[in-house]
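S.K.: The structure under discussion is supplied below as structure tokens; questions concerning it will follow.
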Amino acid sequence: MSTHDAVAAPPTAGEANYLNCSHGFRSWFFTLDHKRIGVMYLASILSFFLLGGILALLIRTELLTPTRTLMSADDYNKVFTLHGAIMIFLFIIPGIPAALGNFVLPLMLGAKDVALPRLNLASYHLYLIGALIAVLSIVQGGVDAGWTFYAPYSTTTNTAVVTLTFGVFVLGFSSVFTGLNFIVTMHKMRPAGMGWFDMPLMLWALYATSIIQVLATPILGITMVLLIVERVMGIGIFDPALGGDPVLYQHFFWFYSHPAVYIMILPAMGIISEVVSVFSRKHIFGYRAIAYSSLAIAAFSFLVWGHHMFTSGQSELMNMIFSALTFSVSIPSAVKMFNWLSTMYKGSIRFDTPMIYALSFMFLFGIGGLTGLFLGSLATDVHLHDTYFVVAHFHYVMFGGTVIAFLAGLHYWWPKMFGRMYDERWGRISAIIISVGFNITFFTQFVMGSQGMPRRYYAYVDKFEPYHVISSIGSYLMAAGFFMTAWYLVKSLYRGRPAPVNPWGGGSLEWQAASPPVMHNFTDEPVGGDPYDYTNQAYDPALGGYVLRKTEVSDR
Amino acid sequence: MILSGLLNTLSVRGAGVPFLATGDGTFWLPVRATEAAGSVDNLFYFIFWISLFFFTLLMALLAIFAVRYRRRREGEEPEPSPSHNLAVEIVWTAIPVLLVAAIFWFGFQAYVDMSTPPLNAYQIQVTGQKWKWTFTYPNGYVDELLHVPADRPVQLVMTSQDVIHSLSIPAFRIKRDLVPGRYSKAWFTAVRPGDYDIYCAEYCGTQHSAMLSTVKVLPPEEFDAWLREHSDILSGLTPVEGGERVYNVLGCKQCHTLDGAAGVGPTFRDLFGSERSFKGGGRALADENYVSNSVLDPQSQIVQGFEPVMPTFKGRIKDQEITALIAFLKSLSGHAPREEASATVGAGTP
């Protein structure tokens with residue numbers, strides 16, 4: 001180990017890095033270091049990704065046959081509820097901002113830490129408490145209300161709804177704390193020479209995400225509290241039997257949960273902006289267009305929640321307004337896509353694992369985005385609402401978009417986080433297997449959905465069986481890809497080639513810190529510049545990475 | 001054979017050319033059984049072809065760039081090229097804006113048509129509950145399957161007795177939530193006789209996926225015959241049994257008890273043959289004509305101590321059913337002569 005470390009961190013050879021500067025449980029659990037908090041977040045969310053993934057495999061296995069395969073209808077309902085709740089609240093929402101974002105945001109700013117390190121630690125502790133409460137609901141027998149907790153089903157079912165919704169309530173605070181911290185950090189801690197429009201686009205994406213987290217999450221918290229109040233005290237808010245209004249619940253829920261979709265996808269788009277530019281070795285095309293489109297998405301995201309309710313009985317006028325507003329949010333996403341493609345034009349493209357994932361993102365997110373047009377349009381949505389078409393659409397966006405981008409980011413920053421290179425060949429193979437498996441699983445679901453197959457069905461009519469079988473086979477292929485990924489990533493921690501400071505030729509400031517960075521990130525305070533200018537770097541075959549050109553260094 | 005299969009797969013049928021559409025299912029969409037479904041399908045394929053065109057274009061560019069501009073050796077640097085262009089940004093913002101505006105407008109128009117039933121629509125009441133559908137016809141007949149006439153507009157007036165359900169008929173391209181405490185509506189004109197699936201589309205618990213039914217579209221004259229036959233609720237019953245059925249099905253039991261306690265209206269126990277005194281003076285013996293008059297013109301004689309709230313059943317109840325109801329009332333009354341109770345229904349009715 002020690003010989004590797006010496007090689008791994010040339011600029012600061014001899015100095016301890018953040019991973020080995022102190023030892024013991026307390027040095028991690030009560031750390032104020034954003035990098036350690038990021039790594040703890042990463043380990044936590046990946047554990048829940050594994051749990052949510054196992055639940056997904058249970059769902060797909062149950063659906064291999066039209067009737068009972070593995071479990072009872074009640075168990076199936078609990079499994080899909082927990083799959084949704086765990087993946088959304090414990091994996092995807094904290095996934096990119098709290099795990100990867102925590103690690104890279106201060107580094108990209110050339111800062112020592114986030115502005116409020118104690119708040120950062122509190123955010124992680126609240127995440128853990130919320131997660132434990134959510135897991136407690138499984139011990140209590142599970143929840144069968146669906147992750148959307150629609151009233152009055154959720155207020156009348158006799159499962160552990162109160163526990164899980166209270167867990168979600170606590171997790172909301174964790175999310176708000178992270179968002180608040182990031183906003184303050186970006187306002188106050190940009191280095192000399194880095195104006196707003198000199199920030200890497202990942203930071204613009206995190207900024208837009210944080211605004212949504214801070215403004216929208218309290219609505220979810222209040223909604224969960226109202227649900228708990230109704231269940232525990234019998235006060236009629238949503239249940240018509242008690243004088244409440246169930247459609248009001250849907251408005252409250254989606255007022256958070258639609259913007260939450262952009263909490264998930266915006267940071268993913270940030271990662272893609274970084275990766276496409278670095279691996280094309282070309283300045284990002286349309287920097288301002290991409291930055292503004294992140295803000296536009298954040299703003300529009302608050303105005304479209306009603307498109308989840310086109311069949312709920314809200315008025316035709318409201319449906320018309322929400323449909324029109326929904327289409328407006330598609331434009332900035334399309335603009336980003338065109339700019340990424342233009343960035344590749346006349347570049348010098350290198351197909352390392354992060355870039356394979358980024359290309360895969362453009363393919364999958366393209367399908368996810370375009371199928372949204374069918375759902376934003378009123379007449380077609382009525383037919384497709386609550387079918388597998390919707391299930392496929394949001395998996396293409398949430399998985400094909402966010403998770404694939406998360407994997408791109410994880411592979412992109414892995415050498416920086418742990419100072420090791422993973423096996424590039426296995427990385428590419430796994431990326432391709434996951435993408436192919438994903439398409440088999442979910443493209444099939446578009447077809448069965450438009451044929452009418454409703455979602456959340458334990459049993460189904462025989463004509464849908466072939467689609468379900470193909471979909472399940474795809475999910476096993478995807479699972480194989482993930483286990484391969486887990487295997488080579490863990491292996492890299494022990495056997496991986498020590499990572500150079502800048503293996504990919506990234507221009508943002510985190511690539512000037514050692515791999516892994518020292519306790520306070522930088523030995524010399526870095527100066528901001530254009531993060532997408534690659535002309536001052538040169539490839540050094542001896543290091544297997546990029547170094548700043550001598551002239552540039554001496555200019556400082 | 002192969003060609004038609006291929007065309008089917010590529011969904012060329014009905015792709016914005018309704019006169020070619022047969023209504024048979026395609027690779028993407030199920031069989032189509034209503035008029036409005038045609039405009040939904042046309043819109044679906046309009047969006048489909050636009051999406052496919054742009055997706056193919058973008059992915060082709062992606063593939064071309066990936067091959068053409070791949071890095072051929074480590075350390076290779078690209079030729080300088082521009083990194084922004086305002087004109088290009090405006091163009092590729094404007095084109096999608098125009099396209100989605102068109103998609104929005106077509107979707108809204110088709111939706112408005114689907115939301116506006118004609119005034120003469122035939123109304124069927126739909127009740128959802130865990131985990132079954134109940135369909136009530138205008139004459140009071142109740143069934144678990146939905147029978148509808150072809151070529152006649154039908155409106156469903158729906159509500160739920162417990163949690164939210166959603167009535168989904170993929171072949172009609174309609175879906176509407178049933179919300180407890182509210183009425184929601186859906187309408188359609190079925191044009192293609194046959195049996196089509198009804199699903200519950202809003203998750204409602206254990207048997208959600210078993211909350212299924214079938215809509216049977218019948219030619220109009222067959223529908224009328226079917227309804228006439230099935231709504232003869234007295235068939236095979238004695239008059240007293242038939243009267244009890246009428247009492248339960250037509251809703252008498254909501255207001256009139258059988259145990260002597262006053263409800264919204266007077267109890268049916270010991271009613272027949274008793275002397276009734278009315279608001280505003282006047283008395284009458286509760287005989288056959290009194291009962292018949294109370295059913296058909298309830299506001300004309302209000303018994304003292306009760307409010308004038310009973311609706312008329314004129315047009316909703318048949319003479320035979322009134323006769324059976326009279327027999328049932330007699331069986332509950334100590335004042336009634338016994339021997340008439342054995343007469344068959346129908347005999348002696350005008």
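Note on naming: chains are A, B, ... as they come in the structure tokens, residues start from 1 per chain, ligands start from 1 in the order shown.
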Just want the 12 Å neighbourhood of Gly140 of chain B, counted on only C-alpha atoms, with same-chain residues fewer than 5 positions away dropped. Output as an mmCIF file with C-alpha atoms, in the first residue's frame.

M.R.:
data_model
loop_
_atom_site.group_PDB
_atom_site.id
_atom_site.type_symbol
_atom_site.label_atom_id
_atom_site.label_comp_id
_atom_site.auth_asym_id
_atom_site.auth_seq_id
_atom_site.Cartn_x
_atom_site.Cartn_y
_atom_site.Cartn_z
ATOM 1 C CA GLN B 123 -75.993 7.499 -19.281
ATOM 2 C CA ILE B 124 -74.699 4.521 -17.335
ATOM 3 C CA GLN B 125 -73.717 4.843 -13.670
ATOM 4 C CA THR B 134 -70.703 -2.165 -10.909
ATOM 5 C CA PHE B 135 -72.608 -0.768 -13.880
ATOM 6 C CA LEU B 227 -81.421 -4.810 -21.868
ATOM 7 C CA ARG B 228 -85.140 -5.662 -22.137
ATOM 8 C CA HIS B 230 -82.071 -8.693 -18.484
ATOM 9 C CA SER B 231 -83.963 -5.923 -16.822
ATOM 10 C CA ASP B 232 -87.034 -8.110 -16.316
ATOM 11 C CA ILE B 233 -86.129 -8.391 -12.705
ATOM 12 C CA ARG B 245 -86.489 -7.395 -5.271
ATOM 13 C CA VAL B 246 -88.097 -4.178 -6.490
ATOM 14 C CA TYR B 247 -87.864 -2.809 -2.940
ATOM 15 C CA ASN B 248 -84.103 -3.530 -2.854
ATOM 16 C CA VAL B 249 -83.119 -2.659 -6.397
ATOM 17 C CA LEU B 250 -85.110 0.513 -7.034
ATOM 18 C CA GLY B 251 -83.990 2.118 -3.794
ATOM 19 C CA PHE B 313 -90.799 6.740 -10.208
ATOM 20 C CA GLY B 315 -91.035 6.012 -16.245
ATOM 21 C CA ARG B 316 -88.601 4.109 -14.049
ATOM 22 C CA ILE B 317 -90.949 1.435 -12.784
ATOM 23 C CA LYS B 318 -93.165 -0.929 -14.752
#

S.K.: Write out as a PyMOL selection string which residues come within 10 Å of segment 202-211 of chain B when counting only C-alpha atoms, dropping same-chain ones fewer than 3 positions away.

M.R.: (chain A and resi 72-78+144-146+150+152-154+157+312+385-387+454-461) or (chain B and resi 128-133+162-168+175-178+198-199)

S.K.: For segment 278-348 of chain A against segment 58-77 of chain B, with a cut-off of 6 Å and counting only C-alpha atoms, what is the closest atom pair and its distance in Å to one decimal for every residue that makes the cut, ordered by chain and number, as CSV?

M.R.:
residue,atom,partner,partner_atom,distance
A:Tyr345,CA,B:Phe65,CA,5.9
A:Lys346,CA,B:Tyr69,CA,5.9
A:Gly347,CA,B:Tyr69,CA,5.7
A:Ser348,CA,B:Arg71,CA,4.7

S.K.: I'd like the contact shell of segment 262-264 of chain B - 10 Å cut-off, only C-alpha atoms, skipping same-chain residues fewer than 5 positions apart - returned as a ChimeraX atom specification.

M.R.: /B:253-257,269,305-310

S.K.: Need the shell around Arg428 of chain A: protein/DNA/RNA residues with any atom at most 8 Å away, counting only C-alpha atoms. Skip same-chain ones fewer than 3 positions apart. Format as a ChimeraX atom specification?

M.R.: /A:352-353,356,424-425,431-432

S.K.: Take the residues just selected and output them with N, CA and C atoms as a JSON list (two decimals), in the first residue's frame.

M.R.:
[["chain", "number", "residue", "atom", "x", "y", "z"],
["A", 352, "ASP", "N", -13.13, 6.39, -23.20],
["A", 352, "ASP", "CA", -12.97, 5.75, -21.90],
["A", 352, "ASP", "C", -14.34, 5.53, -21.28],
["A", 353, "THR", "N", -14.37, 4.76, -20.21],
["A", 353, "THR", "CA", -15.65, 4.38, -19.60],
["A", 353, "THR", "C", -16.58, 5.57, -19.36],
["A", 356, "ILE", "N", -18.18, 6.45, -22.61],
["A", 356, "ILE", "CA", -19.15, 5.43, -23.05],
["A", 356, "ILE", "C", -20.49, 5.69, -22.34],
["A", 424, "GLU", "N", -9.94, -0.48, -17.21],
["A", 424, "GLU", "CA", -10.65, 0.24, -18.26],
["A", 424, "GLU", "C", -11.46, -0.71, -19.16],
["A", 425, "ARG", "N", -10.88, -1.89, -19.45],
["A", 425, "ARG", "CA", -11.55, -2.79, -20.38],
["A", 425, "ARG", "C", -12.87, -3.29, -19.77],
["A", 431, "ALA", "N", -20.26, -1.11, -19.08],
["A", 431, "ALA", "CA", -21.10, 0.02, -19.50],
["A", 431, "ALA", "C", -21.99, -0.41, -20.66],
["A", 432, "ILE", "N", -21.42, -1.17, -21.58],
["A", 432, "ILE", "CA", -22.22, -1.60, -22.74],
["A", 432, "ILE", "C", -23.27, -2.62, -22.30]]

S.K.: Write out as a PyMOL selection string which residues come within 7 Å of segment 150-161 of chain B when counting only C-alpha atoms, dropping same-chain ones fewer than 2 positions away.

M.R.: chain B and resi 121-129+148+163-165+178-180+182-193+217-220

S.K.: Using only C-alpha atoms, which protein or nucleic acid residues come within 8 Å of segment 314-330 of chain A? Drop anything in the same chain fewer than 2 positions from it, and give the result as a PyMOL selection string.

M.R.: (chain A and resi 296-297+300-301+303-307+309-312+332-334+369+373+376-378) or (chain B and resi 97+100-101+104+108+112+115)

S.K.: What are the DSSP strand (DSSP E or B) residues of segment 172-307 of chain B, as a PDB file with C-alpha atoms, in the first residue's frame?

M.R.:
ATOM      1  CA  ILE B 174     -60.167   6.477 -22.441  1.00  0.00           C
ATOM      2  CA  LYS B 175     -59.187   6.568 -18.789  1.00  0.00           C
ATOM      3  CA  ARG B 176     -60.767   8.441 -15.924  1.00  0.00           C
ATOM      4  CA  ASP B 177     -60.255   8.355 -12.164  1.00  0.00           C
ATOM      5  CA  LEU B 178     -63.146   7.482  -9.834  1.00  0.00           C
ATOM      6  CA  PRO B 180     -64.703   8.951  -3.600  1.00  0.00           C
ATOM      7  CA  SER B 184     -66.406  11.969 -12.737  1.00  0.00           C
ATOM      8  CA  LYS B 185     -67.516  11.452 -16.313  1.00  0.00           C
ATOM      9  CA  ALA B 186     -66.295   9.844 -19.482  1.00  0.00           C
ATOM     10  CA  TRP B 187     -67.996   9.338 -22.806  1.00  0.00           C
ATOM     11  CA  PHE B 188     -67.479   7.497 -26.073  1.00  0.00           C
ATOM     12  CA  ALA B 190     -68.251   2.691 -29.806  1.00  0.00           C
ATOM     13  CA  GLY B 194     -66.913  -6.949 -29.720  1.00  0.00           C
ATOM     14  CA  ASP B 195     -65.508  -7.572 -26.229  1.00  0.00           C
ATOM     15  CA  TYR B 196     -62.796  -5.279 -24.841  1.00  0.00           C
ATOM     16  CA  ASP B 197     -60.862  -5.244 -21.562  1.00  0.00           C
ATOM     17  CA  ILE B 198     -61.622  -2.872 -18.711  1.00  0.00           C
ATOM     18  CA  TYR B 199     -58.772  -2.340 -16.229  1.00  0.00           C
ATOM     19  CA  CYS B 200     -58.465  -0.473 -12.973  1.00  0.00           C
ATOM     20  CA  SER B 213     -64.209  -6.276 -16.343  1.00  0.00           C
ATOM     21  CA  THR B 214     -65.261  -6.388 -19.963  1.00  0.00           C
ATOM     22  CA  VAL B 215     -67.090  -3.925 -22.125  1.00  0.00           C
ATOM     23  CA  LYS B 216     -69.377  -5.664 -24.592  1.00  0.00           C
ATOM     24  CA  VAL B 217     -70.227  -3.495 -27.569  1.00  0.00           C
ATOM     25  CA  LEU B 218     -73.477  -4.735 -29.138  1.00  0.00           C
ATOM     26  CA  GLU B 275    -105.679   4.509   7.320  1.00  0.00           C
ATOM     27  CA  ARG B 276    -103.365   7.403   6.274  1.00  0.00           C
ATOM     28  CA  SER B 277    -103.847  11.018   7.272  1.00  0.00           C
ATOM     29  CA  PHE B 278    -102.282  13.690   5.098  1.00  0.00           C
ATOM     30  CA  ARG B 283    -107.538  10.708   4.862  1.00  0.00           C
ATOM     31  CA  ALA B 284    -107.412   7.591   2.754  1.00  0.00           C
ATOM     32  CA  LEU B 285    -107.229   3.838   3.082  1.00  0.00           C
ATOM     33  CA  VAL B 303     -98.433  11.628   5.109  1.00  0.00           C
TER      34      VAL B 303
END

S.K.: As JSON, numbers by chain, please: all residues of segment 77-203 of chain A that backbone DSSP puts in helix (DSSP H, G or I).

M.R.: {"A": [77, 78, 79, 80, 81, 82, 83, 84, 85, 86, 87, 88, 89, 90, 91, 92, 93, 94, 95, 96, 97, 98, 99, 100, 101, 102, 103, 104, 105, 106, 107, 108, 117, 118, 119, 120, 121, 122, 123, 124, 125, 126, 127, 128, 129, 130, 131, 132, 133, 134, 135, 136, 137, 138, 139, 153, 154, 155, 156, 161, 162, 163, 164, 165, 166, 167, 168, 169, 170, 171, 172, 173, 174, 175, 176, 177, 178, 179, 180, 181, 182, 183, 184, 185, 186, 187, 188, 196, 197, 198, 201, 202, 203]}

S.K.: Keeping C-alpha atoms, export the residues of the selection given above as a short mmCIF file (atom, residue, chain, number, x, y, z; two decimals), in the first residue's frame.

M.R.:
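Result file again.cif:
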data_model
loop_
_atom_site.label_atom_id
_atom_site.label_comp_id
_atom_site.auth_asym_id
_atom_site.auth_seq_id
_atom_site.Cartn_x
_atom_site.Cartn_y
_atom_site.Cartn_z
CA ASN A 77 -47.38 -4.50 -3.56
CA LYS A 78 -44.93 -3.97 -0.71
CA VAL A 79 -41.94 -4.84 -2.90
CA PHE A 80 -42.79 -2.31 -5.62
CA THR A 81 -43.58 0.35 -3.00
CA LEU A 82 -40.20 -0.14 -1.32
CA HIS A 83 -38.36 -0.34 -4.64
CA GLY A 84 -39.76 3.08 -5.57
CA ALA A 85 -39.33 4.70 -2.17
CA ILE A 86 -35.76 3.44 -1.67
CA MET A 87 -34.58 4.26 -5.18
CA ILE A 88 -36.11 7.75 -5.14
CA PHE A 89 -35.54 8.98 -1.60
CA LEU A 90 -32.43 7.04 -0.57
CA PHE A 91 -30.55 6.67 -3.85
CA ILE A 92 -31.34 9.01 -6.74
CA ILE A 93 -32.14 12.27 -4.92
CA PRO A 94 -29.00 12.25 -2.75
CA GLY A 95 -27.03 10.28 -5.40
CA ILE A 96 -25.33 12.91 -7.50
CA PRO A 97 -25.56 16.06 -5.31
CA ALA A 98 -24.81 14.61 -1.88
CA ALA A 99 -22.32 11.90 -2.86
CA LEU A 100 -20.46 13.08 -5.97
CA GLY A 101 -21.40 16.75 -5.51
CA ASN A 102 -20.13 16.85 -1.97
CA PHE A 103 -16.80 15.49 -3.10
CA VAL A 104 -16.23 17.62 -6.19
CA LEU A 105 -17.99 20.93 -5.51
CA PRO A 106 -15.36 22.45 -3.17
CA LEU A 107 -12.56 20.98 -5.30
CA MET A 108 -14.02 22.53 -8.45
CA PRO A 117 -19.04 21.92 7.13
CA ARG A 118 -21.06 21.20 10.30
CA LEU A 119 -24.32 21.59 8.39
CA ASN A 120 -22.88 19.19 5.85
CA LEU A 121 -22.21 16.58 8.53
CA ALA A 122 -25.69 17.18 10.00
CA SER A 123 -27.14 16.55 6.55
CA TYR A 124 -25.42 13.16 6.41
CA HIS A 125 -26.50 12.23 9.94
CA LEU A 126 -30.10 13.17 9.12
CA TYR A 127 -29.84 11.07 5.97
CA LEU A 128 -28.77 8.10 8.07
CA ILE A 129 -31.55 8.66 10.62
CA GLY A 130 -34.16 9.04 7.88
CA ALA A 131 -32.84 5.93 6.14
CA LEU A 132 -32.98 3.92 9.35
CA ILE A 133 -36.58 5.01 9.99
CA ALA A 134 -37.47 4.07 6.42
CA VAL A 135 -35.84 0.66 6.86
CA LEU A 136 -37.71 0.25 10.16
CA SER A 137 -40.94 0.30 8.13
CA ILE A 138 -39.74 -2.91 6.43
CA VAL A 139 -39.23 -4.52 9.83
CA TYR A 153 -55.51 4.46 0.13
CA SER A 154 -52.45 5.53 2.13
CA THR A 155 -54.58 6.89 4.96
CA THR A 156 -56.64 3.71 5.26
CA VAL A 161 -47.24 4.16 6.23
CA VAL A 162 -46.54 6.48 9.17
CA THR A 163 -43.02 5.13 9.70
CA LEU A 164 -42.01 5.37 6.05
CA THR A 165 -43.51 8.83 5.52
CA PHE A 166 -41.81 10.06 8.69
CA GLY A 167 -38.53 8.71 7.29
CA VAL A 168 -39.17 10.66 4.09
CA PHE A 169 -39.90 13.77 6.20
CA VAL A 170 -36.51 13.49 7.93
CA LEU A 171 -34.72 12.80 4.62
CA GLY A 172 -36.22 16.03 3.32
CA PHE A 173 -34.27 18.05 5.89
CA SER A 174 -31.09 16.31 4.85
CA SER A 175 -31.76 17.32 1.25
CA VAL A 176 -32.54 20.95 2.18
CA PHE A 177 -29.33 21.22 4.24
CA THR A 178 -27.18 20.01 1.35
CA GLY A 179 -28.88 22.38 -1.10
CA LEU A 180 -28.54 25.37 1.21
CA ASN A 181 -24.90 24.59 1.84
CA PHE A 182 -24.11 24.37 -1.87
CA ILE A 183 -25.83 27.69 -2.63
CA VAL A 184 -23.88 29.48 0.10
CA THR A 185 -20.63 27.83 -0.96
CA MET A 186 -20.99 28.86 -4.59
CA HIS A 187 -21.88 32.42 -3.64
CA LYS A 188 -19.13 32.90 -1.11
CA TRP A 196 -20.20 33.02 -12.29
CA PHE A 197 -19.63 32.32 -15.96
CA ASP A 198 -16.22 30.78 -15.33
CA LEU A 201 -21.23 23.62 -15.83
CA MET A 202 -21.45 20.90 -13.18
CA LEU A 203 -21.60 23.72 -10.64
#

S.K.: One number please: atom CA of Pro218 of chain A to atom CA of Gln250 of chain A, in Å, one decimal.

M.R.: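 For atom CA of Pro218 of chain A relative to atom CA of Gln250 of chain A, the distance reads 15.6 Å.
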